[in-house]
Amino acid sequence: MARRRQLYEGKAKILFEGPEPGTLVQYFKDDATAFNAQKKGVITGKGVLNNRISEFIMLRLHEIGVPTHFVRRLNMREQLIREVEIIPLEVVVRNVAAGSLSARLGIAEGTPLPRSIVEYYYKNDALGDPLVAEEHITAFGWASVQDLDDIMALSLRVNDFLSGLFLGVGIRLVDFKLEFGRLWENEEMRIVIADEISPDSCRLWDIKTGEKLDKDRFRRDLGRVEEAYQEVARRLGILPEAGVRDLKGPETMQ
Ligand code: UDP
């Protein structure tokens, strides 16, 4: 079967040319990386689960009027998205201290933060995605003050909404990462959520047990990584009935 033209291959996803101008196909791999790609591995079935979980979250965001690049899921591992100009920032929203914040500031993991904190990292693999301030972002032209206003407002809205969504299924949204893109429609530019929202980009802890249900299981060699991603999908009500075996299904069903 003729494959679509590949435009970009990242650590966990591949982008292909879409069926019509202004669209792309986002393919979810099982590959996992951590610590700026120094640690590499495969989490079997992860791509299928992240495709589903991200679809679910993007659809829920659309319902509350948060714009995203998502159009529709095409098959087990692919979704159709709008082509956007990616803003070179990783926007992290935190509710509870963990990961790099705990390491950098010496705040014990699990400490609730007095209020949600939004951080910006400059997307640059060679530099290891350094933490940057708004000053750097506007001075170097990565985003304007107006863009940052929109990004901050959308990030906090997504945080409130997703915190409630996950709370409803017994999961604490500790932190997560968002990416944003610029979308032009009739000379008008809109900032929309891009990339994915999944256990690869969120810290999700079981409310009762504190068990980690996210990529930290891979980063920290905690085992039962696939099971954690499945558990998130199951709680969100999107695990296919046939179970795990079904998830490994054909890679591309046209
Ligand atoms: N994150 C991500 N991609 C990155 C870095 C971080 O998706 O390249 C997510 C990560 O999964 C976590 C949040 O952003 O949910 C905060 O990550 P942190 O800054 O604590 O970095 P880490 O401990 O992952 O190095």
# chains A, B, ... in the order shown; residues from 1 in each chain; ligands from 1
call {"tool": "residues_near_ligand", "arguments": {"ligand": "ligand 1", "cutoff": "6 Å", "atoms": "only C-alpha atoms and all ligand atoms", "output": "list in words"}}
result
Val92, Ala98, Gly99, Ser100, Leu101, Asp175, Phe176, Lys177, Asp200, Ser201, Cys202 and Arg203 of chain A
call {"tool": "write_last_selection", "arguments": {"atoms": "all heavy atoms", "output": "PDB file, in the first residue's frame"}}
result
ATOM      1  N   VAL A  92       4.533  23.903  30.775  1.00  0.00           N
ATOM      2  CA  VAL A  92       4.247  22.928  31.830  1.00  0.00           C
ATOM      3  C   VAL A  92       3.366  23.590  32.885  1.00  0.00           C
ATOM      4  O   VAL A  92       3.659  24.708  33.336  1.00  0.00           O
ATOM      5  CB  VAL A  92       5.557  22.395  32.465  1.00  0.00           C
ATOM      6  CG1 VAL A  92       5.274  21.591  33.730  1.00  0.00           C
ATOM      7  CG2 VAL A  92       6.317  21.536  31.451  1.00  0.00           C
ATOM      8  N   ALA A  98       6.777  17.902  41.684  1.00  0.00           N
ATOM      9  CA  ALA A  98       7.306  16.610  41.198  1.00  0.00           C
ATOM     10  C   ALA A  98       8.409  16.912  40.191  1.00  0.00           C
ATOM     11  O   ALA A  98       8.603  18.072  39.795  1.00  0.00           O
ATOM     12  CB  ALA A  98       6.204  15.779  40.527  1.00  0.00           C
ATOM     13  N   GLY A  99       9.110  15.867  39.795  1.00  0.00           N
ATOM     14  CA  GLY A  99      10.058  15.946  38.693  1.00  0.00           C
ATOM     15  C   GLY A  99      11.066  17.064  38.818  1.00  0.00           C
ATOM     16  O   GLY A  99      11.677  17.259  39.863  1.00  0.00           O
ATOM     17  N   SER A 100      11.220  17.809  37.717  1.00  0.00           N
ATOM     18  CA  SER A 100      12.288  18.821  37.668  1.00  0.00           C
ATOM     19  C   SER A 100      12.062  19.961  38.659  1.00  0.00           C
ATOM     20  O   SER A 100      13.024  20.562  39.137  1.00  0.00           O
ATOM     21  CB  SER A 100      12.445  19.355  36.245  1.00  0.00           C
ATOM     22  OG  SER A 100      11.354  20.166  35.893  1.00  0.00           O
ATOM     23  N   LEU A 101      10.796  20.249  38.991  1.00  0.00           N
ATOM     24  CA  LEU A 101      10.553  21.319  39.973  1.00  0.00           C
ATOM     25  C   LEU A 101      11.069  20.892  41.345  1.00  0.00           C
ATOM     26  O   LEU A 101      11.746  21.674  42.037  1.00  0.00           O
ATOM     27  CB  LEU A 101       9.062  21.659  40.065  1.00  0.00           C
ATOM     28  CG  LEU A 101       8.761  22.718  41.129  1.00  0.00           C
ATOM     29  CD1 LEU A 101       8.143  23.954  40.533  1.00  0.00           C
ATOM     30  CD2 LEU A 101       7.870  22.184  42.227  1.00  0.00           C
ATOM     31  N   ASP A 175       0.951  17.255  37.120  1.00  0.00           N
ATOM     32  CA  ASP A 175       1.462  18.260  36.172  1.00  0.00           C
ATOM     33  C   ASP A 175       1.274  17.745  34.758  1.00  0.00           C
ATOM     34  O   ASP A 175       0.965  16.568  34.556  1.00  0.00           O
ATOM     35  CB  ASP A 175       2.933  18.630  36.461  1.00  0.00           C
ATOM     36  CG  ASP A 175       3.873  17.433  36.424  1.00  0.00           C
ATOM     37  OD1 ASP A 175       3.615  16.486  35.656  1.00  0.00           O
ATOM     38  OD2 ASP A 175       4.871  17.445  37.175  1.00  0.00           O
ATOM     39  N   PHE A 176       1.463  18.609  33.787  1.00  0.00           N
ATOM     40  CA  PHE A 176       1.391  18.171  32.383  1.00  0.00           C
ATOM     41  C   PHE A 176       2.050  19.204  31.502  1.00  0.00           C
ATOM     42  O   PHE A 176       2.286  20.338  31.916  1.00  0.00           O
ATOM     43  CB  PHE A 176      -0.054  17.914  31.939  1.00  0.00           C
ATOM     44  CG  PHE A 176      -0.945  19.137  31.994  1.00  0.00           C
ATOM     45  CD1 PHE A 176      -1.219  19.870  30.850  1.00  0.00           C
ATOM     46  CD2 PHE A 176      -1.508  19.555  33.183  1.00  0.00           C
ATOM     47  CE1 PHE A 176      -2.039  21.003  30.890  1.00  0.00           C
ATOM     48  CE2 PHE A 176      -2.329  20.679  33.243  1.00  0.00           C
ATOM     49  CZ  PHE A 176      -2.580  21.398  32.096  1.00  0.00           C
ATOM     50  N   LYS A 177       2.327  18.773  30.281  1.00  0.00           N
ATOM     51  CA  LYS A 177       2.988  19.637  29.306  1.00  0.00           C
ATOM     52  C   LYS A 177       2.079  19.874  28.117  1.00  0.00           C
ATOM     53  O   LYS A 177       1.431  18.936  27.637  1.00  0.00           O
ATOM     54  CB  LYS A 177       4.273  18.951  28.846  1.00  0.00           C
ATOM     55  CG  LYS A 177       5.136  19.768  27.930  1.00  0.00           C
ATOM     56  CD  LYS A 177       5.046  19.418  26.467  1.00  0.00           C
ATOM     57  CE  LYS A 177       5.257  17.974  26.146  1.00  0.00           C
ATOM     58  NZ  LYS A 177       5.202  17.713  24.686  1.00  0.00           N
ATOM     59  N   ASP A 200       2.112  10.165  28.454  1.00  0.00           N
ATOM     60  CA  ASP A 200       3.499  10.536  28.126  1.00  0.00           C
ATOM     61  C   ASP A 200       3.780  11.971  28.563  1.00  0.00           C
ATOM     62  O   ASP A 200       4.938  12.320  28.813  1.00  0.00           O
ATOM     63  CB  ASP A 200       3.725  10.467  26.605  1.00  0.00           C
ATOM     64  CG  ASP A 200       4.278   9.129  26.150  1.00  0.00           C
ATOM     65  OD1 ASP A 200       4.309   8.187  26.967  1.00  0.00           O
ATOM     66  OD2 ASP A 200       4.669   9.015  24.968  1.00  0.00           O
ATOM     67  N   SER A 201       2.749  12.802  28.591  1.00  0.00           N
ATOM     68  CA  SER A 201       2.986  14.233  28.823  1.00  0.00           C
ATOM     69  C   SER A 201       2.330  14.739  30.112  1.00  0.00           C
ATOM     70  O   SER A 201       2.353  15.940  30.379  1.00  0.00           O
ATOM     71  CB  SER A 201       2.470  15.041  27.629  1.00  0.00           C
ATOM     72  OG  SER A 201       1.101  14.798  27.435  1.00  0.00           O
ATOM     73  N   CYS A 202       1.763  13.816  30.891  1.00  0.00           N
ATOM     74  CA  CYS A 202       1.117  14.200  32.155  1.00  0.00           C
ATOM     75  C   CYS A 202       1.700  13.371  33.299  1.00  0.00           C
ATOM     76  O   CYS A 202       2.103  12.235  33.077  1.00  0.00           O
ATOM     77  CB  CYS A 202      -0.377  13.894  32.135  1.00  0.00           C
ATOM     78  SG  CYS A 202      -1.325  14.661  30.834  1.00  0.00           S
ATOM     79  N   ARG A 203       1.681  13.899  34.512  1.00  0.00           N
ATOM     80  CA  ARG A 203       1.877  13.043  35.693  1.00  0.00           C
ATOM     81  C   ARG A 203       0.501  12.797  36.289  1.00  0.00           C
ATOM     82  O   ARG A 203      -0.225  13.753  36.621  1.00  0.00           O
ATOM     83  CB  ARG A 203       2.792  13.707  36.726  1.00  0.00           C
ATOM     84  CG  ARG A 203       4.247  13.635  36.361  1.00  0.00           C
ATOM     85  CD  ARG A 203       5.183  13.856  37.537  1.00  0.00           C
ATOM     86  NE  ARG A 203       6.535  13.535  37.128  1.00  0.00           N
ATOM     87  CZ  ARG A 203       7.384  14.422  36.595  1.00  0.00           C
ATOM     88  NH1 ARG A 203       7.019  15.671  36.444  1.00  0.00           N
ATOM     89  NH2 ARG A 203       8.588  14.043  36.227  1.00  0.00           N
TER      90      ARG A 203
END
call {"tool": "select_by_dssp", "arguments": {"residues": "region 3-249 of chain A", "states": "alpha helix (DSSP H)", "output": "PyMOL selection string"}}
result
chain A and resi 46-63+99-105+134-139+145-167+216-219+225-235+244-247
call {"tool": "residues_around", "arguments": {"residues": "region 137-152 of chain A", "least_positions_apart": "6", "cutoff": "8 Å", "atoms": "only C-alpha atoms", "output": "PDB file with all heavy atoms, in the first residue's frame"}}
result
ATOM      1  N   ILE A  87       4.754  26.686  18.040  1.00  0.00           N
ATOM      2  CA  ILE A  87       5.475  27.669  18.856  1.00  0.00           C
ATOM      3  C   ILE A  87       6.535  26.886  19.635  1.00  0.00           C
ATOM      4  O   ILE A  87       6.204  25.875  20.255  1.00  0.00           O
ATOM      5  CB  ILE A  87       4.483  28.399  19.786  1.00  0.00           C
ATOM      6  CG1 ILE A  87       3.518  29.233  18.925  1.00  0.00           C
ATOM      7  CG2 ILE A  87       5.210  29.257  20.818  1.00  0.00           C
ATOM      8  CD1 ILE A  87       2.356  29.840  19.661  1.00  0.00           C
ATOM      9  N   PRO A  88       7.805  27.295  19.592  1.00  0.00           N
ATOM     10  CA  PRO A  88       8.863  26.428  20.126  1.00  0.00           C
ATOM     11  C   PRO A  88       8.963  26.442  21.653  1.00  0.00           C
ATOM     12  O   PRO A  88      10.018  26.709  22.225  1.00  0.00           O
ATOM     13  CB  PRO A  88      10.131  26.991  19.470  1.00  0.00           C
ATOM     14  CG  PRO A  88       9.837  28.438  19.302  1.00  0.00           C
ATOM     15  CD  PRO A  88       8.352  28.538  19.013  1.00  0.00           C
ATOM     16  N   LEU A  89       7.824  26.172  22.293  1.00  0.00           N
ATOM     17  CA  LEU A  89       7.799  26.169  23.762  1.00  0.00           C
ATOM     18  C   LEU A  89       7.133  24.899  24.268  1.00  0.00           C
ATOM     19  O   LEU A  89       6.190  24.402  23.641  1.00  0.00           O
ATOM     20  CB  LEU A  89       6.978  27.354  24.287  1.00  0.00           C
ATOM     21  CG  LEU A  89       7.479  28.755  23.982  1.00  0.00           C
ATOM     22  CD1 LEU A  89       6.443  29.775  24.464  1.00  0.00           C
ATOM     23  CD2 LEU A  89       8.833  29.018  24.647  1.00  0.00           C
ATOM     24  N   VAL A 118       2.707  27.897  36.069  1.00  0.00           N
ATOM     25  CA  VAL A 118       2.944  27.669  34.638  1.00  0.00           C
ATOM     26  C   VAL A 118       4.400  27.995  34.339  1.00  0.00           C
ATOM     27  O   VAL A 118       4.888  29.053  34.734  1.00  0.00           O
ATOM     28  CB  VAL A 118       2.004  28.547  33.771  1.00  0.00           C
ATOM     29  CG1 VAL A 118       2.272  28.310  32.283  1.00  0.00           C
ATOM     30  CG2 VAL A 118       0.544  28.255  34.091  1.00  0.00           C
ATOM     31  N   PHE A 180       1.696  24.437  21.749  1.00  0.00           N
ATOM     32  CA  PHE A 180       0.737  25.295  21.051  1.00  0.00           C
ATOM     33  C   PHE A 180       1.212  25.570  19.628  1.00  0.00           C
ATOM     34  O   PHE A 180       2.402  25.539  19.348  1.00  0.00           O
ATOM     35  CB  PHE A 180       0.584  26.626  21.792  1.00  0.00           C
ATOM     36  CG  PHE A 180      -0.062  26.482  23.137  1.00  0.00           C
ATOM     37  CD1 PHE A 180       0.697  26.206  24.264  1.00  0.00           C
ATOM     38  CD2 PHE A 180      -1.440  26.583  23.270  1.00  0.00           C
ATOM     39  CE1 PHE A 180       0.103  26.049  25.516  1.00  0.00           C
ATOM     40  CE2 PHE A 180      -2.047  26.430  24.514  1.00  0.00           C
ATOM     41  CZ  PHE A 180      -1.276  26.164  25.635  1.00  0.00           C
ATOM     42  N   ILE A 191      -4.374  30.789  18.305  1.00  0.00           N
ATOM     43  CA  ILE A 191      -3.460  29.856  18.958  1.00  0.00           C
ATOM     44  C   ILE A 191      -4.254  28.639  19.394  1.00  0.00           C
ATOM     45  O   ILE A 191      -5.307  28.788  20.036  1.00  0.00           O
ATOM     46  CB  ILE A 191      -2.791  30.545  20.165  1.00  0.00           C
ATOM     47  CG1 ILE A 191      -1.983  31.716  19.626  1.00  0.00           C
ATOM     48  CG2 ILE A 191      -1.979  29.560  20.993  1.00  0.00           C
ATOM     49  CD1 ILE A 191      -0.657  31.939  20.178  1.00  0.00           C
TER      50      ILE A 191
END
call {"tool": "closest_residue", "arguments": {"among": "A:Leu156, A:Ile197, A:Ile238, A:Ala97", "to": "Asn50 (chain A)", "atoms": "only C-alpha atoms"}}
result
A:Ile197
call {"tool": "select_by_dssp", "arguments": {"residues": "region 12-185 of chain A", "states": "strand (DSSP E)", "output": "ChimeraX atom specification"}}
result
/A:13-17,23-28,31-34,39-42,70-73,78-82,85-86,89-96,112-122,131-132,171-185
call {"tool": "write_last_selection", "arguments": {"atoms": "C-alpha atoms", "output": "compact mmCIF listing (two decimals), in the first residue's frame"}}
result
# COMPACT_ATOMS: atom_id res chain seq x y z
CA LYS A 13 5.36 10.28 16.82
CA ILE A 14 5.69 10.63 13.07
CA LEU A 15 4.00 13.30 10.96
CA PHE A 16 2.85 12.48 7.45
CA GLU A 17 1.39 14.66 4.76
CA THR A 23 -3.83 18.77 7.26
CA LEU A 24 -1.31 16.26 8.58
CA VAL A 25 -1.50 12.69 9.83
CA GLN A 26 -0.02 12.14 13.27
CA TYR A 27 1.18 8.55 13.86
CA PHE A 28 1.76 7.34 17.43
CA ASP A 31 8.87 4.21 21.31
CA ALA A 32 9.57 5.96 24.58
CA THR A 33 12.43 8.25 25.50
CA ALA A 34 13.33 10.07 28.69
CA LYS A 39 17.03 6.57 27.92
CA LYS A 40 15.21 4.72 25.17
CA GLY A 41 12.68 1.90 25.18
CA VAL A 42 9.49 0.49 23.76
CA PHE A 70 -7.28 17.64 16.37
CA VAL A 71 -9.66 16.78 13.53
CA ARG A 72 -10.43 13.08 13.93
CA ARG A 73 -8.89 9.72 14.70
CA GLU A 78 -3.17 7.69 13.45
CA GLN A 79 -5.14 10.87 13.76
CA LEU A 80 -5.85 13.67 11.32
CA ILE A 81 -4.73 17.07 12.56
CA ARG A 82 -4.64 20.64 11.27
CA GLU A 85 3.09 26.55 13.01
CA ILE A 86 4.46 25.12 16.24
CA LEU A 89 7.80 26.17 23.76
CA GLU A 90 6.88 23.37 26.13
CA VAL A 91 4.37 24.82 28.54
CA VAL A 92 4.25 22.93 31.83
CA VAL A 93 1.39 23.40 34.30
CA ARG A 94 1.94 22.10 37.83
CA ASN A 95 -0.46 21.47 40.71
CA VAL A 96 1.76 19.30 42.90
CA PRO A 112 0.68 20.45 46.89
CA LEU A 113 1.56 23.83 45.37
CA PRO A 114 -0.08 26.95 46.85
CA ARG A 115 -1.41 27.71 43.38
CA SER A 116 -0.98 26.29 39.89
CA ILE A 117 2.35 27.23 38.37
CA VAL A 118 2.94 27.67 34.64
CA GLU A 119 6.49 27.27 33.34
CA TYR A 120 7.97 27.69 29.86
CA TYR A 121 10.73 25.59 28.37
CA TYR A 122 12.42 26.43 25.08
CA LEU A 131 13.59 26.66 31.37
CA VAL A 132 13.04 30.19 30.08
CA ILE A 171 -6.68 10.38 39.38
CA ARG A 172 -4.71 13.43 40.57
CA LEU A 173 -3.37 15.59 37.73
CA VAL A 174 0.04 16.45 39.20
CA ASP A 175 1.46 18.26 36.17
CA PHE A 176 1.39 18.17 32.38
CA LYS A 177 2.99 19.64 29.31
CA LEU A 178 1.22 21.43 26.48
CA GLU A 179 2.39 22.58 23.08
CA PHE A 180 0.74 25.29 21.05
CA GLY A 181 0.57 26.17 17.38
CA ARG A 182 -0.57 29.07 15.24
CA LEU A 183 -3.46 28.42 12.89
CA TRP A 184 -4.41 30.91 10.19
CA GLU A 185 -7.99 31.18 8.99
call {"tool": "closest_residue", "arguments": {"among": "A:Thr209, A:Asn36, A:Thr44, A:Gln6", "to": "Val225 (chain A)", "atoms": "only C-alpha atoms"}}
result
A:Thr44
call {"tool": "closest_residue", "arguments": {"among": "A:Glu83, A:Asp125, A:Leu59, A:Glu134", "to": "Gly22 (chain A)", "atoms": "only C-alpha atoms"}}
result
A:Glu83
call {"tool": "residues_around", "arguments": {"residues": "Leu61 (chain A)", "least_positions_apart": "4", "cutoff": "9 Å", "atoms": "only C-alpha atoms", "output": "list in words"}}
result
Phe56, Ile57, Gly65, Val66, Pro67, Thr68, Val158, Phe161 and Leu162 of chain A
call {"tool": "write_last_selection", "arguments": {"atoms": "N, CA and C atoms", "output": "short mmCIF file (atom, residue, chain, number, x, y, z; two decimals), in the first residue's frame"}}
result
data_model
loop_
_atom_site.label_atom_id
_atom_site.label_comp_id
_atom_site.auth_asym_id
_atom_site.auth_seq_id
_atom_site.Cartn_x
_atom_site.Cartn_y
_atom_site.Cartn_z
N PHE A 56 -9.56 11.47 23.02
CA PHE A 56 -10.61 11.67 24.02
C PHE A 56 -10.48 13.06 24.65
N ILE A 57 -9.26 13.40 25.07
CA ILE A 57 -9.05 14.67 25.76
C ILE A 57 -9.26 15.85 24.81
N GLY A 65 -14.93 24.49 24.16
CA GLY A 65 -14.52 25.66 23.39
C GLY A 65 -13.03 25.95 23.40
N VAL A 66 -12.22 24.97 23.83
CA VAL A 66 -10.77 25.15 23.76
C VAL A 66 -10.30 24.65 22.39
N PRO A 67 -9.69 25.53 21.59
CA PRO A 67 -9.30 25.12 20.24
C PRO A 67 -8.08 24.20 20.25
N THR A 68 -8.13 23.15 19.42
CA THR A 68 -6.99 22.23 19.31
C THR A 68 -6.75 21.93 17.82
N VAL A 158 -7.28 24.62 30.58
CA VAL A 158 -7.09 23.19 30.37
C VAL A 158 -6.78 22.52 31.71
N PHE A 161 -9.98 22.18 33.77
CA PHE A 161 -10.87 21.19 33.18
C PHE A 161 -10.34 19.77 33.36
N LEU A 162 -9.06 19.58 33.03
CA LEU A 162 -8.49 18.22 33.12
C LEU A 162 -8.35 17.76 34.57
#
call {"tool": "closest_residue", "arguments": {"among": "A:Glu231, A:Glu187, A:Asp195, A:Asp214", "to": "Met58 (chain A)", "atoms": "only C-alpha atoms"}}
result
A:Asp195
call {"tool": "atom_distance", "arguments": {"atom1": "CA of Ile193 (chain A)", "atom2": "CA of Gly210 (chain A)"}}
result
28.5 Å
